[in-house]
Amino acid sequence: MIELGGNIRLEGFEDAEKGSLVIIKKIVGNYVRNMQQNHKFKSLELMMKNKVNFSAKLELENKKIESKIENKNVFFGLNGVLKDVSEQLGE
């Protein structure tokens, strides 16, 4: 498990190449930054299984949001699951 900033956890991303991990962290960081502007952010868990199944669990002060998506591309899968979470927040 990889922790970013104490309240963001990435599971299943440990085997990603170093260059890919930098891009993954930037994608996550951009979405989290946007979410924090309008919501009281508690935690975010992102999981990747078999490099095609992605899920996200976002916990806010007064709300919990979950999303799942399948995609063979790590970046598109991660972006897709985070985009779905953002859309559920109304952003």
# chains A, B, ... in the order shown; residues from 1 in each chain; ligands from 1
>>> residues_around(residues="Glu14 of chain A", least_positions_apart="4", cutoff="9 Å", atoms="only C-alpha atoms", output="list of chain:residue names")
A:Met1, A:Ile2, A:Leu10, A:Leu21
>>> write_last_selection(atoms="N, CA and C atoms", output="PDB file, in the first residue's frame")
ATOM      1  N   MET A   1       0.849  -1.175   0.000  1.00  0.00           N
ATOM      2  CA  MET A   1       0.000   0.000   0.000  1.00  0.00           C
ATOM      3  C   MET A   1       0.896   1.241   0.000  1.00  0.00           C
ATOM      4  N   ILE A   2       0.474   2.232  -0.757  1.00  0.00           N
ATOM      5  CA  ILE A   2       1.186   3.501  -0.842  1.00  0.00           C
ATOM      6  C   ILE A   2       0.300   4.560  -0.198  1.00  0.00           C
ATOM      7  N   LEU A  10      -3.283   4.135  -1.787  1.00  0.00           N
ATOM      8  CA  LEU A  10      -3.318   3.454  -3.074  1.00  0.00           C
ATOM      9  C   LEU A  10      -2.968   1.989  -2.840  1.00  0.00           C
ATOM     10  N   LEU A  21       4.298   5.699 -11.740  1.00  0.00           N
ATOM     11  CA  LEU A  21       3.849   6.087 -10.407  1.00  0.00           C
ATOM     12  C   LEU A  21       3.820   7.612 -10.264  1.00  0.00           C
TER      13      LEU A  21
END
>>> residues_around(residues="segment 35-41 of chain A", least_positions_apart="4", cutoff="7 Å", atoms="only C-alpha atoms", output="list in words")
Tyr31, Glu59, Leu60 and Glu61 of chain A
>>> closest_residue(among="A:Arg33, A:Lys63, A:Lys57, A:Lys42", to="Glu11 of chain A", atoms="only C-alpha atoms")
A:Lys57
>>> residues_around(residues="Leu4 of chain A", least_positions_apart="4", cutoff="12 Å", atoms="only C-alpha atoms", output="list of chain:residue names")
A:Ile8, A:Arg9, A:Leu10, A:Glu11, A:Leu21, A:Val22, A:Ile24, A:Lys25, A:Lys26, A:Val28, A:Gly29, A:Val32, A:Ser43, A:Leu44, A:Glu45, A:Leu46
>>> select_by_dssp(residues="chain A", states="strand (DSSP E or B)", output="ChimeraX atom specification")
/A:2-4,8-11,41-49,53-60,64-70
>>> residues_around(residues="segment 65-70 of chain A", least_positions_apart="5", cutoff="9 Å", atoms="only C-alpha atoms", output="ChimeraX atom specification")
/A:51-60,77-78,80-82,84-85,88-89
>>> write_last_selection(atoms="N, CA and C atoms", output="PDB file, in the first residue's frame")
ATOM      1  N   LYS A  51      -4.757  -5.104 -12.700  1.00  0.00           N
ATOM      2  CA  LYS A  51      -4.438  -4.024 -13.647  1.00  0.00           C
ATOM      3  C   LYS A  51      -5.581  -3.649 -14.585  1.00  0.00           C
ATOM      4  N   VAL A  52      -6.806  -4.073 -14.263  1.00  0.00           N
ATOM      5  CA  VAL A  52      -7.969  -3.685 -15.084  1.00  0.00           C
ATOM      6  C   VAL A  52      -9.175  -3.252 -14.245  1.00  0.00           C
ATOM      7  N   ASN A  53      -9.230  -3.628 -12.985  1.00  0.00           N
ATOM      8  CA  ASN A  53     -10.357  -3.285 -12.117  1.00  0.00           C
ATOM      9  C   ASN A  53      -9.933  -2.188 -11.143  1.00  0.00           C
ATOM     10  N   PHE A  54     -10.628  -1.071 -11.202  1.00  0.00           N
ATOM     11  CA  PHE A  54     -10.306   0.068 -10.360  1.00  0.00           C
ATOM     12  C   PHE A  54     -11.509   0.411  -9.499  1.00  0.00           C
ATOM     13  N   SER A  55     -11.249   0.741  -8.241  1.00  0.00           N
ATOM     14  CA  SER A  55     -12.332   1.176  -7.365  1.00  0.00           C
ATOM     15  C   SER A  55     -11.836   2.316  -6.487  1.00  0.00           C
ATOM     16  N   ALA A  56     -12.774   3.146  -6.074  1.00  0.00           N
ATOM     17  CA  ALA A  56     -12.463   4.293  -5.232  1.00  0.00           C
ATOM     18  C   ALA A  56     -13.495   4.385  -4.118  1.00  0.00           C
ATOM     19  N   LYS A  57     -13.021   4.754  -2.937  1.00  0.00           N
ATOM     20  CA  LYS A  57     -13.889   5.021  -1.797  1.00  0.00           C
ATOM     21  C   LYS A  57     -13.473   6.369  -1.233  1.00  0.00           C
ATOM     22  N   LEU A  58     -14.369   7.328  -1.353  1.00  0.00           N
ATOM     23  CA  LEU A  58     -14.121   8.675  -0.859  1.00  0.00           C
ATOM     24  C   LEU A  58     -14.975   8.903   0.370  1.00  0.00           C
ATOM     25  N   GLU A  59     -14.350   9.404   1.419  1.00  0.00           N
ATOM     26  CA  GLU A  59     -15.088   9.732   2.632  1.00  0.00           C
ATOM     27  C   GLU A  59     -14.947  11.225   2.901  1.00  0.00           C
ATOM     28  N   LEU A  60     -16.088  11.888   2.936  1.00  0.00           N
ATOM     29  CA  LEU A  60     -16.144  13.298   3.284  1.00  0.00           C
ATOM     30  C   LEU A  60     -16.703  13.410   4.691  1.00  0.00           C
ATOM     31  N   GLY A  77      -8.100   4.034 -16.513  1.00  0.00           N
ATOM     32  CA  GLY A  77      -8.900   3.433 -15.449  1.00  0.00           C
ATOM     33  C   GLY A  77      -8.925   4.301 -14.207  1.00  0.00           C
ATOM     34  N   LEU A  78      -7.747   4.771 -13.806  1.00  0.00           N
ATOM     35  CA  LEU A  78      -7.645   5.634 -12.633  1.00  0.00           C
ATOM     36  C   LEU A  78      -8.388   6.937 -12.857  1.00  0.00           C
ATOM     37  N   GLY A  80     -10.847   7.449 -14.925  1.00  0.00           N
ATOM     38  CA  GLY A  80     -12.271   7.162 -15.014  1.00  0.00           C
ATOM     39  C   GLY A  80     -12.940   7.020 -13.663  1.00  0.00           C
ATOM     40  N   VAL A  81     -12.300   6.302 -12.753  1.00  0.00           N
ATOM     41  CA  VAL A  81     -12.901   6.093 -11.438  1.00  0.00           C
ATOM     42  C   VAL A  81     -12.912   7.406 -10.648  1.00  0.00           C
ATOM     43  N   LEU A  82     -11.861   8.203 -10.775  1.00  0.00           N
ATOM     44  CA  LEU A  82     -11.836   9.493 -10.080  1.00  0.00           C
ATOM     45  C   LEU A  82     -12.821  10.493 -10.697  1.00  0.00           C
ATOM     46  N   ASP A  84     -15.660   9.673 -12.077  1.00  0.00           N
ATOM     47  CA  ASP A  84     -16.979   9.258 -11.612  1.00  0.00           C
ATOM     48  C   ASP A  84     -17.235   9.760 -10.190  1.00  0.00           C
ATOM     49  N   VAL A  85     -16.246   9.666  -9.333  1.00  0.00           N
ATOM     50  CA  VAL A  85     -16.388  10.163  -7.959  1.00  0.00           C
ATOM     51  C   VAL A  85     -16.650  11.672  -7.977  1.00  0.00           C
ATOM     52  N   GLN A  88     -20.155  12.412  -9.039  1.00  0.00           N
ATOM     53  CA  GLN A  88     -21.113  12.138  -7.968  1.00  0.00           C
ATOM     54  C   GLN A  88     -21.122  13.257  -6.928  1.00  0.00           C
ATOM     55  N   LEU A  89     -20.006  13.971  -6.806  1.00  0.00           N
ATOM     56  CA  LEU A  89     -19.942  15.114  -5.899  1.00  0.00           C
ATOM     57  C   LEU A  89     -20.608  16.344  -6.511  1.00  0.00           C
TER      58      LEU A  89
END
>>> atom_distance(atom1="atom CA of Asp15 of chain A", atom2="atom CA of Glu87 of chain A")
28.8 Å
